[in-house]
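Below is one structure, written out as structure tokens; the observations come after it.
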Amino acid sequence: MRALVKRGVQRRLHLEDVPEPVAGPDDVVVEVSCVGICGTDFHILHDVYDHADPVIPGHELAGRIAHVGKEVRGWSIGDRVVSELHTGADRTCPICRSGNPQICPSKRALGTWTNGAFAERVALPAWLLHRLPEDIPDDLATLIEPGACSIHAMMERSRVHAGDMVLVTGHGPIGLLCAQVALAESADLVILSGRSRKGSARLDAARHLGVEVVDVDCEPVARRVRKLTNDRGVDVAVEAAGAADALADCVAACRPGARVAVLGLIGSDTVAFPWDTTVMRDLEVSFSFSSRESSWQRAIELMESGRLGEPAMVTHSFALEDWEQAFSTAGSGEAVKVLLRP
Ligand SMILES: [Zn+2]
Ligand SMILES: [Zn+2]
């Protein structure tokens, strides 16, 4: 089959003929119909994140089951599915048993440490699959994975409630999905901050969602938040930009006793942080990584009812051989979500 393979430290992928993926007794093989390009894929391409070498990247997939392992129950050839990416999680350690295989020490994430979905077919453990409802088309379904990450941060870490005022920093797909989750959970006010300097498509997409948009290149976030909240500050702030100054914006925007969730990665373990303000406002700060089964169930429910994943968010799609154009479009700021169609 054809797949995009990352080899060595060259900053490129290679379209190669590779052996068909082999399904173990508890696995299925999925025929990939489309797969989103994510920040993680850029970081693998540029060797910012450690990864298997060689590896087929790609984890935001939708497709149909093409082969079912002999111990798998409840799944059939032709079923439409999406998949969590916690390949390698042992399912038996205390962390897995608490419902958090996404942070299992044995996890070897799909598309990073095991071969992913930038390929015609991919082998997946059946326990990671979710059935795709008829009403959700494959292209939109690629947003379920980043949607689940957004739900984990918004609902399971910072616990957005109806009536809350919410700030989301970052206008990438994750920021836009976080804003949609806040709207879906009946937040009273949703403010999203981003930068117009890198292209306007994503800020336009945010305006289209009906949230208040702050362009960081034109206006300080805290000042606009004070204006919009009558000097009160937000109840919840979510950092989805992956930028230290955006985290400082979150703290500055919070009312005393507010909650902050951080899911952006910044490529470094140390940042300047408004420590004393955070302490004196008695803020609850939580960090959020990946997603768990409950996040996926909620993401699928919200998408099925039309409250998560605007069709307009998928702005481009390309064939595997056009991966270079796909990646440069995804990084250009004129795209929201870019898909590959193996
Ligand atoms: Zn992703
Ligand atoms: Zn485990």
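Please note that chains go A, B, ... in the order of the structure tokens, that every chain numbers its residues from 1, and that ligands are numbered from 1 in the order shown.
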Residue list (strand (DSSP E), DSSP) for region 187-247 of chain A, as a list of chain:residue names
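Strand (DSSP E) members of region 187-247 of chain A, listed: A:Leu189, A:Val190, A:Ile191, A:Leu192, A:Ser193, A:Gly194, A:Glu212, A:Val213, A:Val214, A:Asp215, A:Val234, A:Asp235, A:Val236, A:Ala237, A:Val238, A:Glu239.
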If you keep C-alpha atoms, can you produce a file of those selected residues as a compact mmCIF listing (two decimals), in the first residue's frame?
# COMPACT_ATOMS: atom_id res chain seq x y z
CA LEU A 189 -19.70 34.84 26.79
CA VAL A 190 -16.85 33.30 24.78
CA ILE A 191 -13.82 35.40 23.88
CA LEU A 192 -11.13 34.03 21.57
CA SER A 193 -7.73 35.66 21.10
CA GLY A 194 -5.40 35.12 18.13
CA GLU A 212 -15.91 37.77 20.54
CA VAL A 213 -12.55 37.89 18.78
CA VAL A 214 -9.50 39.76 20.10
CA ASP A 215 -6.67 40.30 17.63
CA VAL A 234 -13.59 35.52 33.08
CA ASP A 235 -14.59 32.41 35.04
CA VAL A 236 -12.51 30.09 32.86
CA ALA A 237 -9.48 30.69 30.64
CA VAL A 238 -8.05 28.04 28.32
CA GLU A 239 -4.56 28.31 26.82
Ligand 2: which residues are within 10 Å, counting only C-alpha atoms and all ligand atoms? Reply as an MDAnalysis selection string.
chainID A and resid 86 88:107
Give me a file of those residues, with N, CA, C and O atoms, as a PDB file, in the first residue's frame.
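Just written: out34.pdb:
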ATOM      1  N   HIS A  86      -4.320   5.867  21.715  1.00  0.00           N
ATOM      2  CA  HIS A  86      -3.506   5.410  22.848  1.00  0.00           C
ATOM      3  C   HIS A  86      -2.975   3.997  22.607  1.00  0.00           C
ATOM      4  O   HIS A  86      -3.076   3.119  23.473  1.00  0.00           O
ATOM      5  N   GLY A  88      -0.637   0.902  22.514  1.00  0.00           N
ATOM      6  CA  GLY A  88       0.404   0.493  23.457  1.00  0.00           C
ATOM      7  C   GLY A  88      -0.006   0.612  24.912  1.00  0.00           C
ATOM      8  O   GLY A  88       0.622  -0.009  25.772  1.00  0.00           O
ATOM      9  N   ALA A  89      -1.022   1.413  25.237  1.00  0.00           N
ATOM     10  CA  ALA A  89      -1.466   1.511  26.633  1.00  0.00           C
ATOM     11  C   ALA A  89      -1.835   0.100  27.108  1.00  0.00           C
ATOM     12  O   ALA A  89      -2.497  -0.647  26.393  1.00  0.00           O
ATOM     13  N   ASP A  90      -1.383  -0.255  28.336  1.00  0.00           N
ATOM     14  CA  ASP A  90      -1.502  -1.661  28.767  1.00  0.00           C
ATOM     15  C   ASP A  90      -2.901  -2.022  29.261  1.00  0.00           C
ATOM     16  O   ASP A  90      -3.238  -3.184  29.368  1.00  0.00           O
ATOM     17  N   ARG A  91      -3.724  -1.049  29.599  1.00  0.00           N
ATOM     18  CA  ARG A  91      -5.100  -1.239  30.080  1.00  0.00           C
ATOM     19  C   ARG A  91      -5.173  -1.900  31.455  1.00  0.00           C
ATOM     20  O   ARG A  91      -6.255  -2.206  31.934  1.00  0.00           O
ATOM     21  N   THR A  92      -4.027  -2.173  32.079  1.00  0.00           N
ATOM     22  CA  THR A  92      -4.051  -2.868  33.367  1.00  0.00           C
ATOM     23  C   THR A  92      -3.419  -2.046  34.493  1.00  0.00           C
ATOM     24  O   THR A  92      -3.620  -2.361  35.659  1.00  0.00           O
ATOM     25  N   CYS A  93      -2.629  -1.023  34.182  1.00  0.00           N
ATOM     26  CA  CYS A  93      -1.949  -0.263  35.239  1.00  0.00           C
ATOM     27  C   CYS A  93      -2.983   0.617  35.956  1.00  0.00           C
ATOM     28  O   CYS A  93      -4.086   0.842  35.448  1.00  0.00           O
ATOM     29  N   PRO A  94      -2.653   1.144  37.136  1.00  0.00           N
ATOM     30  CA  PRO A  94      -3.630   1.971  37.871  1.00  0.00           C
ATOM     31  C   PRO A  94      -4.096   3.188  37.077  1.00  0.00           C
ATOM     32  O   PRO A  94      -5.252   3.609  37.212  1.00  0.00           O
ATOM     33  N   ILE A  95      -3.228   3.734  36.232  1.00  0.00           N
ATOM     34  CA  ILE A  95      -3.617   4.924  35.453  1.00  0.00           C
ATOM     35  C   ILE A  95      -4.664   4.533  34.398  1.00  0.00           C
ATOM     36  O   ILE A  95      -5.694   5.191  34.259  1.00  0.00           O
ATOM     37  N   CYS A  96      -4.409   3.455  33.676  1.00  0.00           N
ATOM     38  CA  CYS A  96      -5.407   2.977  32.705  1.00  0.00           C
ATOM     39  C   CYS A  96      -6.710   2.632  33.420  1.00  0.00           C
ATOM     40  O   CYS A  96      -7.799   2.964  32.944  1.00  0.00           O
ATOM     41  N   ARG A  97      -6.596   1.949  34.571  1.00  0.00           N
ATOM     42  CA  ARG A  97      -7.812   1.515  35.268  1.00  0.00           C
ATOM     43  C   ARG A  97      -8.596   2.691  35.836  1.00  0.00           C
ATOM     44  O   ARG A  97      -9.787   2.565  36.125  1.00  0.00           O
ATOM     45  N   SER A  98      -7.938   3.855  35.980  1.00  0.00           N
ATOM     46  CA  SER A  98      -8.678   5.045  36.411  1.00  0.00           C
ATOM     47  C   SER A  98      -9.327   5.749  35.216  1.00  0.00           C
ATOM     48  O   SER A  98      -9.887   6.832  35.355  1.00  0.00           O
ATOM     49  N   GLY A  99      -9.229   5.146  34.033  1.00  0.00           N
ATOM     50  CA  GLY A  99      -9.885   5.715  32.862  1.00  0.00           C
ATOM     51  C   GLY A  99      -9.016   6.668  32.070  1.00  0.00           C
ATOM     52  O   GLY A  99      -9.525   7.469  31.285  1.00  0.00           O
ATOM     53  N   ASN A 100      -7.695   6.583  32.279  1.00  0.00           N
ATOM     54  CA  ASN A 100      -6.783   7.535  31.638  1.00  0.00           C
ATOM     55  C   ASN A 100      -5.653   6.876  30.838  1.00  0.00           C
ATOM     56  O   ASN A 100      -4.470   7.162  31.070  1.00  0.00           O
ATOM     57  N   PRO A 101      -6.002   6.032  29.857  1.00  0.00           N
ATOM     58  CA  PRO A 101      -4.940   5.384  29.074  1.00  0.00           C
ATOM     59  C   PRO A 101      -4.111   6.380  28.279  1.00  0.00           C
ATOM     60  O   PRO A 101      -3.007   6.063  27.837  1.00  0.00           O
ATOM     61  N   GLN A 102      -4.640   7.618  28.114  1.00  0.00           N
ATOM     62  CA  GLN A 102      -3.894   8.628  27.351  1.00  0.00           C
ATOM     63  C   GLN A 102      -2.580   9.017  28.038  1.00  0.00           C
ATOM     64  O   GLN A 102      -1.698   9.578  27.398  1.00  0.00           O
ATOM     65  N   ILE A 103      -2.472   8.731  29.353  1.00  0.00           N
ATOM     66  CA  ILE A 103      -1.215   9.043  30.048  1.00  0.00           C
ATOM     67  C   ILE A 103      -0.567   7.778  30.632  1.00  0.00           C
ATOM     68  O   ILE A 103       0.267   7.856  31.533  1.00  0.00           O
ATOM     69  N   CYS A 104      -0.935   6.633  30.082  1.00  0.00           N
ATOM     70  CA  CYS A 104      -0.305   5.376  30.513  1.00  0.00           C
ATOM     71  C   CYS A 104       1.182   5.404  30.159  1.00  0.00           C
ATOM     72  O   CYS A 104       1.542   5.772  29.046  1.00  0.00           O
ATOM     73  N   PRO A 105       2.064   4.997  31.100  1.00  0.00           N
ATOM     74  CA  PRO A 105       3.498   4.992  30.782  1.00  0.00           C
ATOM     75  C   PRO A 105       3.850   4.072  29.614  1.00  0.00           C
ATOM     76  O   PRO A 105       4.883   4.265  28.975  1.00  0.00           O
ATOM     77  N   SER A 106       3.005   3.079  29.326  1.00  0.00           N
ATOM     78  CA  SER A 106       3.307   2.160  28.217  1.00  0.00           C
ATOM     79  C   SER A 106       2.794   2.650  26.875  1.00  0.00           C
ATOM     80  O   SER A 106       3.049   2.017  25.851  1.00  0.00           O
ATOM     81  N   LYS A 107       2.041   3.743  26.867  1.00  0.00           N
ATOM     82  CA  LYS A 107       1.439   4.221  25.618  1.00  0.00           C
ATOM     83  C   LYS A 107       2.518   4.491  24.564  1.00  0.00           C
ATOM     84  O   LYS A 107       3.565   5.058  24.873  1.00  0.00           O
TER      85      LYS A 107
END
Could you pull out the alpha helix (DSSP H) residues of region 232-334 of chain A from DSSP and send them as a ChimeraX atom specification?
/A:244-253,275-280,293-304,323-330
Please dump the current selection as a CSV table (one decimal), in the first residue's frame; keep N, CA, C and O atoms.
chain,number,residue,atom,x,y,z
A,244,ALA,N,3.8,31.3,25.8
A,244,ALA,CA,4.0,31.7,27.2
A,244,ALA,C,3.2,33.0,27.4
A,244,ALA,O,2.5,33.2,28.4
A,245,ASP,N,3.2,34.0,26.4
A,245,ASP,CA,2.5,35.2,26.7
A,245,ASP,C,1.0,35.0,26.7
A,245,ASP,O,0.3,35.8,27.3
A,246,ALA,N,0.5,34.0,26.0
A,246,ALA,CA,-0.9,33.7,26.0
A,246,ALA,C,-1.3,33.2,27.3
A,246,ALA,O,-2.4,33.5,27.8
A,247,LEU,N,-0.4,32.4,28.0
A,247,LEU,CA,-0.7,31.9,29.3
A,247,LEU,C,-0.8,33.1,30.3
A,247,LEU,O,-1.7,33.2,31.2
A,248,ALA,N,0.1,34.1,30.1
A,248,ALA,CA,0.0,35.3,31.0
A,248,ALA,C,-1.3,36.1,30.7
A,248,ALA,O,-1.9,36.6,31.6
A,249,ASP,N,-1.7,36.1,29.4
A,249,ASP,CA,-3.0,36.7,29.1
A,249,ASP,C,-4.2,36.0,29.9
A,249,ASP,O,-5.1,36.6,30.4
A,250,CYS,N,-4.1,34.7,29.9
A,250,CYS,CA,-5.1,33.9,30.6
A,250,CYS,C,-5.2,34.4,32.1
A,250,CYS,O,-6.3,34.6,32.6
A,251,VAL,N,-4.1,34.4,32.7
A,251,VAL,CA,-4.0,34.8,34.2
A,251,VAL,C,-4.6,36.2,34.3
A,251,VAL,O,-5.4,36.5,35.2
A,252,ALA,N,-4.1,37.1,33.5
A,252,ALA,CA,-4.5,38.5,33.6
A,252,ALA,C,-6.0,38.7,33.4
A,252,ALA,O,-6.7,39.6,33.9
A,253,ALA,N,-6.6,37.8,32.6
A,253,ALA,CA,-8.1,37.9,32.2
A,253,ALA,C,-9.0,37.3,33.3
A,253,ALA,O,-10.2,37.5,33.2
A,275,TRP,N,3.4,34.5,38.5
A,275,TRP,CA,3.2,33.6,39.7
A,275,TRP,C,2.4,34.2,40.8
A,275,TRP,O,1.4,33.6,41.3
A,276,ASP,N,2.8,35.4,41.3
A,276,ASP,CA,2.2,36.0,42.4
A,276,ASP,C,0.7,36.3,42.1
A,276,ASP,O,-0.2,36.1,43.0
A,277,THR,N,0.4,36.8,40.9
A,277,THR,CA,-1.0,37.1,40.6
A,277,THR,C,-1.8,35.9,40.6
A,277,THR,O,-2.9,35.9,41.1
A,278,THR,N,-1.2,34.8,40.1
A,278,THR,CA,-2.0,33.5,40.1
A,278,THR,C,-2.3,33.0,41.6
A,278,THR,O,-3.4,32.6,41.9
A,279,VAL,N,-1.3,33.2,42.5
A,279,VAL,CA,-1.5,32.8,43.9
A,279,VAL,C,-2.5,33.7,44.5
A,279,VAL,O,-3.5,33.3,45.1
A,280,MET,N,-2.3,35.1,44.3
A,280,MET,CA,-3.2,36.0,45.0
A,280,MET,C,-4.6,36.0,44.5
A,280,MET,O,-5.6,36.4,45.2
A,293,GLU,N,-11.8,8.3,26.9
A,293,GLU,CA,-13.0,7.7,26.3
A,293,GLU,C,-14.2,8.6,26.4
A,293,GLU,O,-14.9,8.9,25.5
A,294,SER,N,-14.4,9.2,27.7
A,294,SER,CA,-15.5,10.0,27.9
A,294,SER,C,-15.5,11.3,27.0
A,294,SER,O,-16.5,11.8,26.6
A,295,SER,N,-14.2,11.8,26.8
A,295,SER,CA,-14.1,13.0,25.9
A,295,SER,C,-14.6,12.7,24.5
A,295,SER,O,-15.2,13.5,23.8
A,296,TRP,N,-14.2,11.4,24.0
A,296,TRP,CA,-14.6,11.0,22.7
A,296,TRP,C,-16.1,10.9,22.6
A,296,TRP,O,-16.8,11.3,21.6
A,297,GLN,N,-16.7,10.3,23.6
A,297,GLN,CA,-18.2,10.1,23.6
A,297,GLN,C,-18.9,11.4,23.5
A,297,GLN,O,-19.8,11.6,22.7
A,298,ARG,N,-18.4,12.4,24.3
A,298,ARG,CA,-19.0,13.7,24.3
A,298,ARG,C,-18.8,14.4,22.9
A,298,ARG,O,-19.7,15.1,22.4
A,299,ALA,N,-17.6,14.3,22.4
A,299,ALA,CA,-17.3,14.9,21.1
A,299,ALA,C,-18.2,14.4,20.0
A,299,ALA,O,-18.7,15.2,19.2
A,300,ILE,N,-18.4,13.1,20.0
A,300,ILE,CA,-19.3,12.5,19.0
A,300,ILE,C,-20.7,13.0,19.2
A,300,ILE,O,-21.4,13.3,18.2
A,301,GLU,N,-21.2,13.0,20.4
A,301,GLU,CA,-22.6,13.5,20.7
A,301,GLU,C,-22.7,15.0,20.2
A,301,GLU,O,-23.7,15.3,19.6
A,302,LEU,N,-21.8,15.8,20.6
A,302,LEU,CA,-21.8,17.2,20.2
A,302,LEU,C,-21.8,17.4,18.7
A,302,LEU,O,-22.5,18.2,18.1
A,303,MET,N,-20.9,16.6,18.0
A,303,MET,CA,-20.9,16.7,16.6
A,303,MET,C,-22.1,16.2,15.9
A,303,MET,O,-22.6,16.8,15.0
A,304,GLU,N,-22.7,15.1,16.5
A,304,GLU,CA,-23.9,14.6,15.9
A,304,GLU,C,-25.1,15.6,16.0
A,304,GLU,O,-25.9,15.7,15.1
A,323,TRP,N,1.5,15.9,-0.4
A,323,TRP,CA,1.7,16.2,1.0
A,323,TRP,C,2.4,17.6,1.3
A,323,TRP,O,2.1,18.3,2.2
A,324,GLU,N,3.4,17.9,0.4
A,324,GLU,CA,4.1,19.1,0.6
A,324,GLU,C,3.3,20.3,0.5
A,324,GLU,O,3.3,21.3,1.4
A,325,GLN,N,2.4,20.3,-0.5
A,325,GLN,CA,1.5,21.4,-0.7
A,325,GLN,C,0.5,21.5,0.5
A,325,GLN,O,0.1,22.5,1.0
A,326,ALA,N,0.1,20.3,1.0
A,326,ALA,CA,-0.9,20.2,2.1
A,326,ALA,C,-0.3,20.8,3.4
A,326,ALA,O,-0.9,21.6,4.1
A,327,PHE,N,1.0,20.4,3.6
A,327,PHE,CA,1.7,20.9,4.8
A,327,PHE,C,1.9,22.4,4.7
A,327,PHE,O,1.7,23.2,5.7
A,328,SER,N,2.3,22.9,3.5
A,328,SER,CA,2.5,24.4,3.5
A,328,SER,C,1.2,25.1,3.6
A,328,SER,O,1.2,26.2,4.2
A,329,THR,N,0.1,24.6,3.1
A,329,THR,CA,-1.2,25.2,3.2
A,329,THR,C,-1.6,25.2,4.7
A,329,THR,O,-2.0,26.2,5.2
A,330,ALA,N,-1.4,24.1,5.4
A,330,ALA,CA,-1.8,24.0,6.8
A,330,ALA,C,-1.0,25.0,7.6
A,330,ALA,O,-1.5,25.5,8.6
Throw together the list of residues within 10 Å of ligand 1, counting only C-alpha atoms and all ligand atoms, and drop it here as JSON, numbers by chain.
{"A": [35, 36, 37, 38, 39, 40, 41, 58, 59, 60, 61, 85, 111, 142, 143, 144, 145, 146, 147, 148, 149, 173, 174, 290]}
Would you list the contacts of region 258-271 of chain A as a ChimeraX atom specification, taking every protein, DNA or RNA residue within 7 Å and counting only C-alpha atoms, but skipping same-chain residues closer than 4 positions in sequence?
/A:153,157-158,235-244,254,283-289
Show me, as JSON, numbers by chain, the residues that have an atom within 7 Å of region 175-177 of chain A when counting only C-alpha atoms, minus same-chain residues fewer than 6 positions from it.
{"A": [147, 150, 168, 169, 206, 240, 308, 309]}
Near Arg12 (chain A), within 9 Å and counting only C-alpha atoms, which residues show up once chain neighbours fewer than 5 positions away are dropped, as an mmCIF file with C-alpha atoms, in the first residue's frame?
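Here's the written file out.cif:
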data_model
loop_
_atom_site.group_PDB
_atom_site.id
_atom_site.type_symbol
_atom_site.label_atom_id
_atom_site.label_comp_id
_atom_site.auth_asym_id
_atom_site.auth_seq_id
_atom_site.Cartn_x
_atom_site.Cartn_y
_atom_site.Cartn_z
ATOM 1 C CA VAL A 5 6.990 7.751 5.740
ATOM 2 C CA LYS A 6 9.230 9.942 7.901
ATOM 3 C CA ARG A 7 12.827 8.613 7.866
ATOM 4 C CA LEU A 45 8.303 16.251 10.391
ATOM 5 C CA HIS A 46 10.684 18.818 11.924
ATOM 6 C CA GLU A 324 4.142 19.112 0.596
#
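If you look at CA of Leu228 (chain A) and CA of Ile151 (chain A), they are 24.4 Å away from each other.
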Name the residues in contact with region 48-53 of chain A at a cut-off of 7 Å, using only C-alpha atoms, excluding same-chain residues fewer than 2 positions from it; report them as a PyMOL selection string.
chain A and resi 7-8+43-44+46+55+112-113
Between A:Glu310, A:Glu31, A:Asp139, A:Asp79, which has the minimum distance to His208 (chain A) (counting only C-alpha atoms)?
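Ranked by minimum distance to His208 (chain A), first place goes to A:Glu310.
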Between A:Val314, A:Leu320, A:Cys178, A:Val82, which has the minimum distance to Val338 (chain A) (counting only C-alpha atoms)?
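Closest residue, counting only C-alpha atoms: A:Val314.
For Glu71 (chain A), the non-local neighbours within 9 Å, defined as residues at least 6 positions apart in the same chain or in other chains and counting only C-alpha atoms, are A:Gly24, A:Pro25, A:Asp26, A:Asp27.
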Using C-alpha atoms, can you write the selected residues to a file as a CSV table (one decimal), in the first residue's frame?
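The result, written out as result07.csv:
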chain,number,residue,atom,x,y,z
A,24,GLY,CA,-3.1,-9.0,15.6
A,25,PRO,CA,-6.0,-11.0,17.0
A,26,ASP,CA,-7.4,-8.0,18.9
A,27,ASP,CA,-6.9,-5.5,16.1
